[in-house]
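Structure data (mmCIF, C-alpha atoms) from start-v4.cif:
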data_data
#
loop_
_atom_site.label_atom_id
_atom_site.label_comp_id
_atom_site.auth_asym_id
_atom_site.auth_seq_id
_atom_site.Cartn_x
_atom_site.Cartn_y
_atom_site.Cartn_z
CA MET S 1 38.09 67.10 55.81
CA GLY S 2 39.46 65.67 59.02
CA ILE S 3 37.80 65.40 62.34
CA GLU S 4 38.70 68.25 64.66
CA GLN S 5 40.22 66.98 67.92
CA PRO S 6 39.39 68.79 71.16
CA CYS S 7 42.25 70.81 72.64
CA TRP S 8 42.70 69.62 76.20
CA PRO S 9 44.74 71.81 78.57
CA SER S 10 48.06 70.45 79.70
CA PRO S 11 48.49 69.25 83.29
CA ALA S 12 50.89 72.08 83.98
CA THR S 13 48.17 74.56 83.07
CA VAL S 14 45.44 72.87 85.09
CA ALA S 15 47.52 72.29 88.22
CA PRO S 16 47.30 75.26 90.59
CA GLN S 17 50.51 77.13 91.20
CA GLY S 18 51.53 76.88 94.80
CA PRO S 19 53.41 79.65 96.60
CA GLN S 20 57.17 79.60 96.22
CA SER S 21 59.17 78.59 99.22
CA PRO S 22 60.99 81.38 101.05
CA GLY S 23 64.32 79.69 100.39
CA THR S 24 63.77 79.65 96.62
CA SER S 25 62.75 83.33 96.47
CA LEU S 26 65.70 84.33 98.65
CA VAL S 27 68.13 82.49 96.40
CA GLY S 28 66.57 84.06 93.31
CA ASP S 29 66.80 87.57 94.77
CA ALA S 30 70.42 87.00 95.78
CA ARG S 31 71.19 85.71 92.31
CA GLN S 32 69.55 88.71 90.66
CA TRP S 33 71.40 91.12 92.95
CA LEU S 34 74.71 89.42 92.27
CA LEU S 35 74.13 89.49 88.51
CA GLY S 36 73.19 93.16 88.72
CA GLN S 37 76.33 94.02 90.66
CA VAL S 38 78.53 92.09 88.24
CA GLY S 39 76.84 93.78 85.29
CA ALA S 40 77.29 97.23 86.80
CA LEU S 41 80.92 96.51 87.59
CA TRP S 42 81.54 95.23 84.08
CA ALA S 43 79.84 98.29 82.59
CA LEU S 44 82.01 100.55 84.73
CA PHE S 45 85.12 98.57 83.83
CA THR S 46 84.54 98.65 80.08
CA GLY S 47 82.27 101.65 79.60
CA ARG S 48 84.39 104.62 80.63
CA PRO S 49 87.92 105.29 81.90
CA VAL S 50 88.06 106.15 85.60
CA SER S 51 90.30 108.62 87.45
CA LEU S 52 91.48 110.51 84.37
CA TYR S 53 92.38 113.57 86.43
CA ALA S 54 94.13 111.47 89.05
CA THR S 55 96.32 109.74 86.46
CA SER S 56 97.13 113.11 84.93
CA VAL S 57 98.24 114.31 88.36
CA LEU S 58 100.46 111.23 88.64
CA ARG S 59 101.93 111.97 85.23
CA ILE S 60 102.68 115.59 86.06
CA GLY S 61 103.87 114.79 89.57
CA TYR S 62 106.27 111.96 88.78
CA GLY S 63 107.53 113.58 85.60
CA LEU S 64 108.24 116.83 87.43
CA LEU S 65 109.76 115.01 90.39
CA TYR S 66 112.17 113.06 88.18
CA LEU S 67 112.99 116.20 86.19
CA VAL S 68 113.95 118.03 89.39
CA PHE S 69 115.98 114.99 90.41
CA LEU S 70 117.94 114.97 87.14
CA VAL S 71 118.55 118.71 87.28
CA ARG S 72 119.60 118.50 90.93
CA GLU S 73 122.15 115.75 90.21
CA PHE S 74 123.42 117.34 87.00
CA PRO S 75 126.81 118.36 88.52
CA HIS S 76 127.30 114.80 89.83
CA ARG S 77 125.87 112.89 86.86
CA GLY S 78 129.25 111.44 85.83
CA GLU S 79 129.97 110.00 89.28
CA ILE S 80 126.49 108.52 89.69
CA TRP S 81 125.60 107.14 86.25
CA GLY S 82 128.42 108.10 83.88
CA PRO S 83 131.84 106.76 82.97
CA ASP S 84 133.38 108.24 86.16
CA SER S 85 131.19 106.13 88.42
CA PRO S 86 132.95 103.63 90.74
CA TRP S 87 130.28 101.17 89.65
CA THR S 88 131.62 100.77 86.12
CA PRO S 89 129.50 99.70 83.14
CA ALA S 90 131.33 96.34 83.15
CA LEU S 91 130.27 95.69 86.75
CA ALA S 92 126.74 96.79 85.94
CA LYS S 93 126.57 94.32 83.03
CA GLN S 94 127.74 91.51 85.30
CA LEU S 95 124.97 92.36 87.75
CA PHE S 96 122.43 92.48 84.91
CA GLU S 97 123.22 88.86 84.07
CA GLN S 98 122.10 87.88 87.58
CA THR S 99 119.15 90.21 88.11
CA GLY S 100 117.75 90.47 84.58
CA TRP S 101 117.88 94.27 84.58
CA ASN S 102 119.06 96.32 81.62
CA SER S 103 120.02 99.90 80.88
CA VAL S 104 120.59 101.96 77.76
CA LEU S 105 123.43 103.74 79.58
CA THR S 106 125.63 100.62 79.39
CA LEU S 107 125.40 100.27 75.62
CA SER S 108 128.51 102.43 75.17
CA ASP S 109 131.34 103.77 77.33
CA ASN S 110 131.69 106.93 75.25
CA PRO S 111 131.20 110.08 77.39
CA ALA S 112 129.44 111.80 74.49
CA TYR S 113 126.89 108.98 74.38
CA PHE S 114 126.22 109.39 78.10
CA GLU S 115 125.70 113.14 77.72
CA PHE S 116 123.28 112.49 74.87
CA CYS S 117 121.32 110.01 77.01
CA TYR S 118 121.20 112.47 79.88
CA ALA S 119 119.93 115.26 77.64
CA MET S 120 117.29 112.94 76.18
CA ALA S 121 116.22 111.94 79.71
CA VAL S 122 115.67 115.59 80.63
CA ALA S 123 113.77 116.27 77.40
CA THR S 124 111.63 113.17 77.88
CA SER S 125 110.71 114.23 81.42
CA VAL S 126 109.71 117.70 80.21
CA LEU S 127 107.54 116.36 77.37
CA PHE S 128 105.99 113.79 79.70
CA VAL S 129 105.00 116.53 82.14
CA LEU S 130 103.51 118.61 79.34
CA GLY S 131 101.62 115.62 77.95
CA TRP S 132 102.91 115.79 74.38
CA ARG S 133 102.29 112.49 72.57
CA THR S 134 101.73 110.93 75.96
CA ARG S 135 101.48 107.34 74.76
CA VAL S 136 104.98 107.44 73.31
CA MET S 137 106.41 109.65 76.03
CA SER S 138 105.11 107.37 78.78
CA VAL S 139 107.04 104.45 77.29
CA LEU S 140 110.18 106.56 76.89
CA PHE S 141 109.85 107.89 80.42
CA ALA S 142 109.60 104.35 81.77
CA VAL S 143 112.72 103.38 79.79
CA VAL S 144 114.57 106.40 81.21
CA VAL S 145 113.62 105.62 84.81
CA ILE S 146 114.49 101.93 84.43
CA SER S 147 117.84 102.70 82.77
CA PHE S 148 118.98 105.21 85.38
CA HIS S 149 117.68 103.05 88.23
CA ALA S 150 119.48 99.92 86.99
CA ARG S 151 122.72 101.73 86.16
CA SER S 152 123.32 102.71 89.79
CA ILE S 153 120.99 100.43 91.71
CA PHE S 154 123.01 100.53 94.95
CA MET S 155 122.36 104.28 95.32
CA THR S 156 118.56 103.97 95.24
CA ASP S 157 116.05 103.95 98.09
CA GLY S 158 112.36 103.40 98.61
CA GLY S 159 111.40 106.60 96.80
CA ASP S 160 113.30 105.53 93.68
CA ASN S 161 111.61 102.13 93.77
CA LEU S 162 108.16 103.72 93.95
CA VAL S 163 108.92 106.12 91.09
CA LEU S 164 110.11 103.15 89.02
CA LEU S 165 106.91 101.19 89.66
CA MET S 166 104.66 104.15 88.92
CA ALA S 167 106.53 104.94 85.71
CA VAL S 168 105.83 101.39 84.50
CA TYR S 169 102.18 101.47 85.60
CA LEU S 170 101.51 104.82 83.91
CA VAL S 171 102.31 103.23 80.55
CA LEU S 172 99.02 101.34 80.85
CA THR S 173 96.92 104.40 81.68
CA ALA S 174 95.51 107.17 79.52
CA CYS S 175 97.32 109.78 81.61
CA GLY S 176 97.28 112.36 78.82
CA ARG S 177 93.51 112.83 78.59
CA ARG S 178 93.48 115.78 81.00
CA TRP S 179 95.76 118.77 81.61
CA SER S 180 98.05 118.04 78.67
CA LEU S 181 98.94 119.22 75.21
CA ASP S 182 97.22 116.13 73.84
CA ALA S 183 93.97 117.15 75.53
CA ARG S 184 94.28 120.64 74.07
CA ARG S 185 94.88 119.23 70.60
CA ASP S 186 91.86 116.94 70.95
CA ARG S 187 89.66 119.88 71.94
CA LEU S 188 90.74 121.87 68.91
CA LYS S 189 90.21 118.86 66.67
CA SER S 190 86.73 118.34 68.09
CA ALA S 191 85.88 122.00 67.51
CA ARG S 192 86.93 121.70 63.87
CA ALA S 193 85.06 118.42 63.48
CA ASP S 194 81.82 120.02 64.67
CA THR S 195 81.80 122.34 61.67
CA ALA S 196 82.96 119.73 59.15
CA PRO S 197 80.68 116.93 57.88
CA GLU S 198 81.23 113.61 59.60
CA PRO S 199 82.94 111.08 57.31
CA VAL S 200 81.02 107.97 56.44
CA ARG S 201 82.63 104.87 57.91
CA GLY S 202 81.93 101.30 57.04
CA LEU S 203 80.60 98.74 59.47
CA TYR S 204 84.01 97.11 59.80
CA ALA S 205 85.69 100.44 60.55
CA GLN S 206 83.09 101.28 63.19
CA GLU S 207 83.47 97.92 64.90
CA LEU S 208 87.25 98.24 64.83
CA ARG S 209 87.10 101.72 66.35
CA HIS S 210 84.68 100.54 69.05
CA ALA S 211 86.96 97.61 69.90
CA ARG S 212 89.98 99.91 70.12
CA VAL S 213 88.18 102.32 72.46
CA THR S 214 86.97 99.45 74.66
CA LEU S 215 90.45 97.90 74.81
CA THR S 216 92.02 101.25 75.72
CA THR S 217 89.43 101.77 78.46
CA VAL S 218 89.95 98.32 79.93
CA VAL S 219 93.75 98.64 79.94
CA HIS S 220 93.51 102.09 81.55
CA ASN S 221 91.18 100.87 84.29
CA CYS S 222 93.45 97.89 84.92
CA GLY S 223 96.40 100.25 85.30
CA VAL S 224 94.49 102.42 87.78
CA PHE S 225 93.50 99.33 89.76
CA VAL S 226 97.13 98.13 89.87
CA ILE S 227 98.31 101.55 91.06
CA ALA S 228 95.70 101.61 93.84
CA ALA S 229 96.54 98.03 94.86
CA GLN S 230 100.26 98.82 94.94
CA ILE S 231 99.78 101.79 97.27
CA CYS S 232 97.42 99.83 99.52
CA PHE S 233 99.91 96.99 99.73
CA LEU S 234 102.71 99.44 100.52
CA TYR S 235 100.86 101.12 103.38
CA GLY S 236 99.36 97.92 104.73
CA SER S 237 102.65 96.02 104.80
CA ALA S 238 104.49 98.98 106.32
CA GLY S 239 101.91 99.25 109.11
CA LEU S 240 101.94 95.52 109.83
CA TYR S 241 105.73 95.44 109.98
CA LYS S 242 105.67 98.33 112.43
CA VAL S 243 103.20 96.51 114.65
CA GLN S 244 105.61 93.60 114.98
CA GLY S 245 108.42 95.84 116.23
CA SER S 246 108.88 96.58 119.93
CA THR S 247 110.02 100.18 119.33
CA TRP S 248 106.81 101.15 117.55
CA GLY S 249 104.72 99.39 120.17
CA GLY S 250 106.58 101.22 122.91
CA GLY S 251 106.28 104.58 121.12
CA THR S 252 110.05 105.17 120.93
CA ALA S 253 110.68 104.46 117.23
CA LEU S 254 110.44 108.09 116.11
CA HIS S 255 112.72 109.14 118.97
CA TYR S 256 115.48 106.90 117.66
CA ALA S 257 114.88 108.05 114.08
CA LEU S 258 115.22 111.70 115.08
CA ASN S 259 118.57 111.01 116.74
CA LEU S 260 120.22 109.28 113.78
CA GLU S 261 122.99 111.49 112.39
CA LEU S 262 122.46 110.08 108.90
CA PHE S 263 118.91 111.49 108.84
CA GLN S 264 119.48 114.89 110.42
CA PRO S 265 119.56 117.62 107.78
CA TRP S 266 118.90 120.15 110.55
CA PRO S 267 120.16 118.71 113.87
CA VAL S 268 118.82 121.63 115.89
CA LEU S 269 115.30 121.07 114.59
CA SER S 270 115.51 117.31 115.18
CA HIS S 271 116.67 117.79 118.78
CA LEU S 272 113.94 120.37 119.35
CA VAL S 273 111.22 117.93 118.24
CA ALA S 274 112.80 115.11 120.28
CA GLU S 275 112.24 117.13 123.47
CA PHE S 276 108.50 116.29 123.34
CA PRO S 277 108.35 112.52 124.01
CA MET S 278 104.59 112.41 124.50
CA VAL S 279 103.96 114.04 121.10
CA ILE S 280 106.44 111.66 119.47
CA ALA S 281 104.73 108.61 121.02
CA ILE S 282 101.26 109.75 119.93
CA THR S 283 102.56 110.46 116.42
CA GLY S 284 104.04 106.96 116.24
CA TYR S 285 100.77 105.30 117.26
CA VAL S 286 98.76 107.42 114.81
CA THR S 287 101.18 106.54 112.02
CA VAL S 288 100.78 102.81 112.59
CA LEU S 289 96.98 103.10 112.91
CA VAL S 290 96.62 105.13 109.72
CA GLN S 291 98.86 102.86 107.67
CA VAL S 292 97.07 99.70 108.75
CA ALA S 293 93.63 101.22 108.27
CA PHE S 294 94.41 102.83 104.91
CA PRO S 295 93.22 99.96 102.64
CA PHE S 296 89.92 99.73 104.56
CA VAL S 297 88.83 103.38 104.40
CA LEU S 298 89.14 103.98 100.66
CA PHE S 299 85.42 103.61 99.92
CA GLY S 300 84.15 106.16 102.41
CA ARG S 301 84.62 109.73 103.46
CA LEU S 302 86.99 108.67 106.19
CA LYS S 303 89.75 108.48 103.59
CA TYR S 304 90.01 112.27 103.43
CA PRO S 305 91.23 112.79 107.02
CA VAL S 306 93.47 109.73 106.59
CA LEU S 307 95.02 111.26 103.48
CA ALA S 308 95.47 114.54 105.37
CA VAL S 309 97.32 112.72 108.17
CA LEU S 310 99.51 110.92 105.63
CA LEU S 311 100.28 114.24 103.94
CA GLY S 312 101.48 115.70 107.23
CA MET S 313 103.50 112.57 107.94
CA HIS S 314 105.31 112.72 104.59
CA ILE S 315 106.01 116.43 104.96
CA GLY S 316 107.53 115.71 108.36
CA ILE S 317 109.71 112.95 106.87
CA ALA S 318 110.92 115.28 104.12
CA VAL S 319 111.79 118.09 106.54
CA LEU S 320 113.06 116.22 109.60
CA MET S 321 114.76 113.25 107.93
CA GLY S 322 115.92 114.83 104.68
CA LEU S 323 114.08 112.44 102.32
CA PRO S 324 112.29 114.75 99.87
CA LEU S 325 112.28 112.29 96.96
CA PHE S 326 110.62 109.56 99.01
CA SER S 327 108.10 111.96 100.54
CA GLY S 328 107.30 113.52 97.19
CA ALA S 329 106.76 110.11 95.59
CA MET S 330 104.39 109.09 98.38
CA ILE S 331 102.42 112.35 98.32
CA ILE S 332 101.92 112.06 94.57
CA ALA S 333 100.84 108.44 94.97
CA ASP S 334 98.24 109.43 97.57
CA ALA S 335 96.75 111.86 95.04
CA ALA S 336 95.53 108.86 93.03
CA PHE S 337 92.76 108.27 95.61
CA LEU S 338 91.16 111.69 95.24
CA PRO S 339 88.08 111.63 92.97
CA ASP S 340 87.88 113.53 89.72
CA ARG S 341 85.27 115.91 91.13
CA PHE S 342 87.94 117.16 93.54
CA TYR S 343 90.26 118.09 90.67
CA THR S 344 87.47 119.66 88.63
CA PHE S 345 86.56 121.78 91.65
CA LEU S 346 90.09 123.18 91.96
CA PRO S 347 89.93 125.37 88.78
CA GLN S 348 86.57 126.74 89.88
CA LEU S 349 87.98 127.57 93.29
CA TRP S 350 90.98 129.22 91.66
CA ARG S 351 88.77 131.34 89.38
CA ARG S 352 86.65 132.44 92.32
CA ALA S 353 89.74 133.37 94.29
CA ALA S 354 91.13 135.27 91.30
CA GLN S 355 87.89 137.16 90.70
CA ARG S 356 87.30 138.07 94.32
CA PRO S 357 90.17 140.60 94.73
CA GLY S 358 89.14 142.36 91.50
CA MET S 359 85.54 142.61 92.66
CA ARG S 360 86.62 143.98 96.03
CA GLN S 361 88.79 146.61 94.38
CA ALA S 362 86.04 147.69 92.00
CA ALA S 363 83.33 147.92 94.66
CA PRO S 364 84.47 151.12 96.46
CA GLY S 365 84.96 153.05 93.21
CA ARG S 366 81.75 151.95 91.55
CA ALA S 367 80.24 154.88 89.71
CA THR S 368 76.56 155.66 89.40
CA GLY S 369 75.07 153.70 86.53
CA SER S 370 77.74 150.96 86.52
CA GLY S 371 75.54 148.24 87.89
CA SER S 372 75.09 144.76 86.52
CA VAL S 373 72.58 146.04 83.91
CA PRO S 374 74.15 148.48 81.43
CA ALA S 375 72.59 151.76 80.46
CA GLN S 376 70.03 151.55 77.67
CA GLY S 377 70.18 153.48 74.44
CA ARG S 378 72.64 153.90 71.64
CA PRO S 379 76.31 154.19 72.54
CA GLU S 380 76.66 157.61 70.89
CA LEU S 381 73.67 159.06 72.73
CA PRO S 382 73.37 159.43 76.51
CA ALA S 383 70.66 157.35 78.04
CA PRO S 384 67.69 159.09 79.64
CA GLN S 385 67.94 159.53 83.36
CA ASN S 386 64.59 157.98 84.21
CA GLN S 387 64.48 155.16 81.67
CA VAL S 388 63.19 151.94 83.13
CA VAL S 389 65.40 148.92 82.50
CA PRO S 390 64.67 145.22 82.98
CA GLY S 391 65.20 144.11 86.54
CA GLY S 392 63.09 146.72 88.26
CA GLY S 393 65.74 149.46 88.47
CA ARG S 394 66.59 152.62 86.57
CA SER S 395 69.54 153.30 84.33
CA GLY S 396 70.99 155.81 86.71
CA SER S 397 71.22 153.47 89.73
CA ALA S 398 73.08 150.28 90.48
CA HIS S 399 71.25 147.00 90.60
CA PRO S 400 70.22 146.34 94.19
CA MET S 401 71.11 142.63 94.00
CA GLY S 402 74.57 143.06 92.48
CA PRO S 403 75.83 141.04 89.51
CA VAL S 404 73.49 138.57 87.94
CA THR S 405 76.04 135.76 87.97
CA ASP S 406 79.63 135.24 88.99
CA HIS S 407 80.61 133.69 85.69
CA PRO S 408 81.66 136.43 83.18
CA GLU S 409 80.62 134.42 80.11
CA ALA S 410 77.16 133.68 81.46
CA GLU S 411 76.83 137.29 82.61
CA ARG S 412 77.63 138.52 79.11
CA HIS S 413 74.84 136.40 77.65
CA GLU S 414 72.29 137.40 80.27
CA ARG S 415 72.83 141.15 79.86
CA PRO S 416 70.46 142.88 77.39
CA ARG S 417 72.01 144.35 74.31
CA ALA S 418 72.56 148.08 74.18
CA GLY S 419 69.67 149.81 72.51
CA SER S 420 67.11 147.11 73.35
CA SER S 421 63.91 148.13 75.05
#

Output the file's structure as structure tokens, nothing else.
Amino acid sequence: MGIEQPCWPSPATVAPQGPQSPGTSLVGDARQWLLGQVGALWALFTGRPVSLYATSVLRIGYGLLYLVFLVREFPHRGEIWGPDSPWTPALAKQLFEQTGWNSVLTLSDNPAYFEFCYAMAVATSVLFVLGWRTRVMSVLFAVVVISFHARSIFMTDGGDNLVLLMAVYLVLTACGRRWSLDARRDRLKSARADTAPEPVRGLYAQELRHARVTLTTVVHNCGVFVIAAQICFLYGSAGLYKVQGSTWGGGTALHYALNLELFQPWPVLSHLVAEFPMVIAITGYVTVLVQVAFPFVLFGRLKYPVLAVLLGMHIGIAVLMGLPLFSGAMIIADAAFLPDRFYTFLPQLWRRAAQRPGMRQAAPGRATGSGSVPAQGRPELPAPQNQVVPGGGRSGSAHPMGPVTDHPEAERHERPRAGSS
């Protein structure tokens, strides 16, 4: 049996702990705050896809805009992109060797092949708008936009360039999760899966599914970030270029733009607006201010009036200068900065507006006993006149407070069944 040695406390335990210096605590707090912010940002970046409604609006907007463009140019398709174009496929191929572009329209000079490509472009735009197999349709839509853009690149403008960029960026996003046929199919599949037993998956299958969902989320969020950065760069650079010009600084730039014959779809309207120089100067200054300030107001409520000003500016460009494609592309791009709660509020607002006229029409002709609480008793027998019903009223009088709820489904569940006491 050995001799038991005494257990002496270590010097670190005996030495009294002095107060931490203010510099050390401040650095530790800053480090903890920074780690918390990075962790929250990483959780947001990998945990859930952001702006699903906004990307769906971009999908519908750009798909519909390009569909209208193809239908509008259908009578002139041969002169713009087809075999009758002055810019022949041979010249286009020579340009492709220098620029690196490519187009499926130059694979054959056969007119029947061009008509087939045009019909497929229209069909792809329609399916992309509807959100049918959106992953595949987004890639095909990008190929269509790139092919038509590269085939006649000298007839494009800023609106075409923006549509091209957004078509490529939308390939990265999950733009078919909302307001699409894919979303409808997923809802039906989920409803059927609720009643069916859940299949047993192995550990490897679960990890693979989790990795796929995380990768899809990260790629989607990266696409949304690139779209937002592209629009911010577009507005910021446009505003800074305007600041450098003497015409925008002097407030006369819009006056010269309104008097260009090339951008006068309605000369009378352009001359009428040009008769108000003070309004034109103020509009020019506001345009420059809004474009420069746009990237700095995205994280506050000030972005809503800025987006409203930009909406009015683009509508004015479309009407006064005859550039509807450019204005439409910019308006759709601005919709990417509206939060999802704004788009979820729109259907509720629409339902309230749709229900309100019906309620107003039914109010004057409301009969006695047609209140929010139905008459009690069996359907084949008339209810007693003085029967007391839940809610404090009688069966022969309307409910003093009106309907219980505005939602018809909730109202149906809250009403007592006929014959209950």

* **Answer key for the PyMOL selection byres ((chain S and resi 144) around 12), residues as a PyMOL selection string** => chain S and resi 63+66-67+70+102-105+117-125+128+137-143+145-151+163-164+167-168

Expected file contents, prior selection, C-alpha atoms, as an mmCIF file, in the coordinates of the input:
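See part.cif below for the written result:
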data_model
loop_
_atom_site.group_PDB
_atom_site.id
_atom_site.type_symbol
_atom_site.label_atom_id
_atom_site.label_comp_id
_atom_site.auth_asym_id
_atom_site.auth_seq_id
_atom_site.Cartn_x
_atom_site.Cartn_y
_atom_site.Cartn_z
ATOM 1 C CA GLY S 63 107.530 113.580 85.600
ATOM 2 C CA TYR S 66 112.170 113.060 88.180
ATOM 3 C CA LEU S 67 112.990 116.200 86.190
ATOM 4 C CA LEU S 70 117.940 114.970 87.140
ATOM 5 C CA ASN S 102 119.060 96.320 81.620
ATOM 6 C CA SER S 103 120.020 99.900 80.880
ATOM 7 C CA VAL S 104 120.590 101.960 77.760
ATOM 8 C CA LEU S 105 123.430 103.740 79.580
ATOM 9 C CA CYS S 117 121.320 110.010 77.010
ATOM 10 C CA TYR S 118 121.200 112.470 79.880
ATOM 11 C CA ALA S 119 119.930 115.260 77.640
ATOM 12 C CA MET S 120 117.290 112.940 76.180
ATOM 13 C CA ALA S 121 116.220 111.940 79.710
ATOM 14 C CA VAL S 122 115.670 115.590 80.630
ATOM 15 C CA ALA S 123 113.770 116.270 77.400
ATOM 16 C CA THR S 124 111.630 113.170 77.880
ATOM 17 C CA SER S 125 110.710 114.230 81.420
ATOM 18 C CA PHE S 128 105.990 113.790 79.700
ATOM 19 C CA MET S 137 106.410 109.650 76.030
ATOM 20 C CA SER S 138 105.110 107.370 78.780
ATOM 21 C CA VAL S 139 107.040 104.450 77.290
ATOM 22 C CA LEU S 140 110.180 106.560 76.890
ATOM 23 C CA PHE S 141 109.850 107.890 80.420
ATOM 24 C CA ALA S 142 109.600 104.350 81.770
ATOM 25 C CA VAL S 143 112.720 103.380 79.790
ATOM 26 C CA VAL S 145 113.620 105.620 84.810
ATOM 27 C CA ILE S 146 114.490 101.930 84.430
ATOM 28 C CA SER S 147 117.840 102.700 82.770
ATOM 29 C CA PHE S 148 118.980 105.210 85.380
ATOM 30 C CA HIS S 149 117.680 103.050 88.230
ATOM 31 C CA ALA S 150 119.480 99.920 86.990
ATOM 32 C CA ARG S 151 122.720 101.730 86.160
ATOM 33 C CA VAL S 163 108.920 106.120 91.090
ATOM 34 C CA LEU S 164 110.110 103.150 89.020
ATOM 35 C CA ALA S 167 106.530 104.940 85.710
ATOM 36 C CA VAL S 168 105.830 101.390 84.500
#

* To do: Do a neighbour search on Trp87 (chain S) at 12 Å with all atoms listed in the file, toss out local chain neighbours closer than 2 positions, and write the hits as number ranges by chain.
  => S: 78-85, 89-95, 106, 150-155

* **Residues matched by the PyMOL selection byres ((chain S and resi 174) around 8), written as a ChimeraX atom specification** => /S:52,55,135,170-173,175-177,216,220

* For Thr217 (chain S), which residue among S:Phe96, S:Trp33, S:Phe296, S:Phe45 is the nearest when counting all atoms listed in the file? ->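 Of S:Phe96, S:Trp33, S:Phe296, S:Phe45, the one nearest Thr217 (chain S), counting all atoms listed in the file, is S:Phe45.
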
* **Explicit residues for the PyMOL selection byres ((chain S and resi 130) around 8) (as a list in words)** =>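 Residues picked by the PyMOL selection byres ((chain S and resi 130) around 8): Ile60, Val126, Leu127, Phe128, Val129, Gly131, Trp132, Ser180 and Leu181 of chain S.
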
* Could you work out how far CA of Ile282 (chain S) lies from CA of Gln264 (chain S), giving the answer in Å with one decimal? -> 21.2 Å

* Structure fact -> Nearest to Phe114 (chain S), restricted to all atoms listed in the file and choosing among S:His271, S:Arg77, S:Arg351, S:Arg192, comes out as S:Arg77

* Provide the CA of Val288 (chain S) to CA of Cys222 (chain S) distance in Å, to one decimal place. =>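 Between CA of Val288 (chain S) and CA of Cys222 (chain S) the gap works out to 29.0 Å.
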
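As for CA of Ala335 (chain S) and CA of Gly312 (chain S), they are spaced 13.6 Å apart.
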
Please determine an axis-aligned box that encloses all atoms of region 173-189 of chain S listed in the file, with 5 Å added on each side, and express its centre and edge lengths in Å to one decimal as AutoDock Vina command-line options.
--center_x 94.3 --center_y 113.1 --center_z 74.2 --size_x 19.3 --size_y 27.5 --size_z 25.0

* Asked: Which polymer residues have any atom within 12 Å of an atom of Tyr304 (chain S), counting all atoms listed in the file, with same-chain residues fewer than 3 positions away left out, as a PyMOL selection string?
  -> chain S and resi 290+294+297-301+307-311+334-335+337-339+342

* Asked: With distances taken over all atoms listed in the file, which of S:Asn221, S:Tyr62, S:Thr156, S:Trp179 is nearest to Pro347 (chain S)?
  -> S:Trp179

From the structure block, carefully write region 267-280 of chain S out with N, CA and C atoms; format it as an mmCIF file, in the first residue's frame.
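result-v6.cif written:
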data_model
loop_
_atom_site.group_PDB
_atom_site.id
_atom_site.type_symbol
_atom_site.label_atom_id
_atom_site.label_comp_id
_atom_site.auth_asym_id
_atom_site.auth_seq_id
_atom_site.Cartn_x
_atom_site.Cartn_y
_atom_site.Cartn_z
ATOM 1 N N PRO S 267 -44.704 62.878 -81.965
ATOM 2 C CA PRO S 267 -44.036 64.193 -81.919
ATOM 3 C C PRO S 267 -44.839 65.260 -81.190
ATOM 4 N N VAL S 268 -46.159 65.215 -81.333
ATOM 5 C CA VAL S 268 -46.983 66.228 -80.670
ATOM 6 C C VAL S 268 -46.842 66.120 -79.157
ATOM 7 N N LEU S 269 -46.847 64.901 -78.641
ATOM 8 C CA LEU S 269 -46.704 64.718 -77.204
ATOM 9 C C LEU S 269 -45.316 65.129 -76.729
ATOM 10 N N SER S 270 -44.289 64.807 -77.505
ATOM 11 C CA SER S 270 -42.924 65.192 -77.120
ATOM 12 C C SER S 270 -42.768 66.702 -77.093
ATOM 13 N N HIS S 271 -43.305 67.404 -78.095
ATOM 14 C CA HIS S 271 -43.224 68.866 -78.105
ATOM 15 C C HIS S 271 -44.039 69.488 -76.977
ATOM 16 N N LEU S 272 -45.149 68.845 -76.622
ATOM 17 C CA LEU S 272 -45.970 69.362 -75.520
ATOM 18 C C LEU S 272 -45.217 69.286 -74.195
ATOM 19 N N VAL S 273 -44.525 68.177 -73.952
ATOM 20 C CA VAL S 273 -43.755 68.026 -72.718
ATOM 21 C C VAL S 273 -42.555 68.967 -72.719
ATOM 22 N N ALA S 274 -41.956 69.194 -73.885
ATOM 23 C CA ALA S 274 -40.781 70.062 -73.979
ATOM 24 C C ALA S 274 -41.100 71.525 -73.700
ATOM 25 N N GLU S 275 -42.366 71.895 -73.654
ATOM 26 C CA GLU S 275 -42.741 73.274 -73.374
ATOM 27 C C GLU S 275 -42.653 73.625 -71.892
ATOM 28 N N PHE S 276 -42.285 72.658 -71.040
ATOM 29 C CA PHE S 276 -42.166 72.909 -69.593
ATOM 30 C C PHE S 276 -40.714 72.681 -69.186
ATOM 31 N N PRO S 277 -39.840 73.666 -69.418
ATOM 32 C CA PRO S 277 -38.405 73.451 -69.150
ATOM 33 C C PRO S 277 -38.090 73.235 -67.675
ATOM 34 N N MET S 278 -38.821 73.897 -66.789
ATOM 35 C CA MET S 278 -38.545 73.724 -65.368
ATOM 36 C C MET S 278 -38.849 72.289 -64.925
ATOM 37 N N VAL S 279 -39.957 71.726 -65.394
ATOM 38 C CA VAL S 279 -40.306 70.349 -65.052
ATOM 39 C C VAL S 279 -39.276 69.382 -65.621
ATOM 40 N N ILE S 280 -38.803 69.653 -66.829
ATOM 41 C CA ILE S 280 -37.803 68.787 -67.453
ATOM 42 C C ILE S 280 -36.492 68.836 -66.667
#
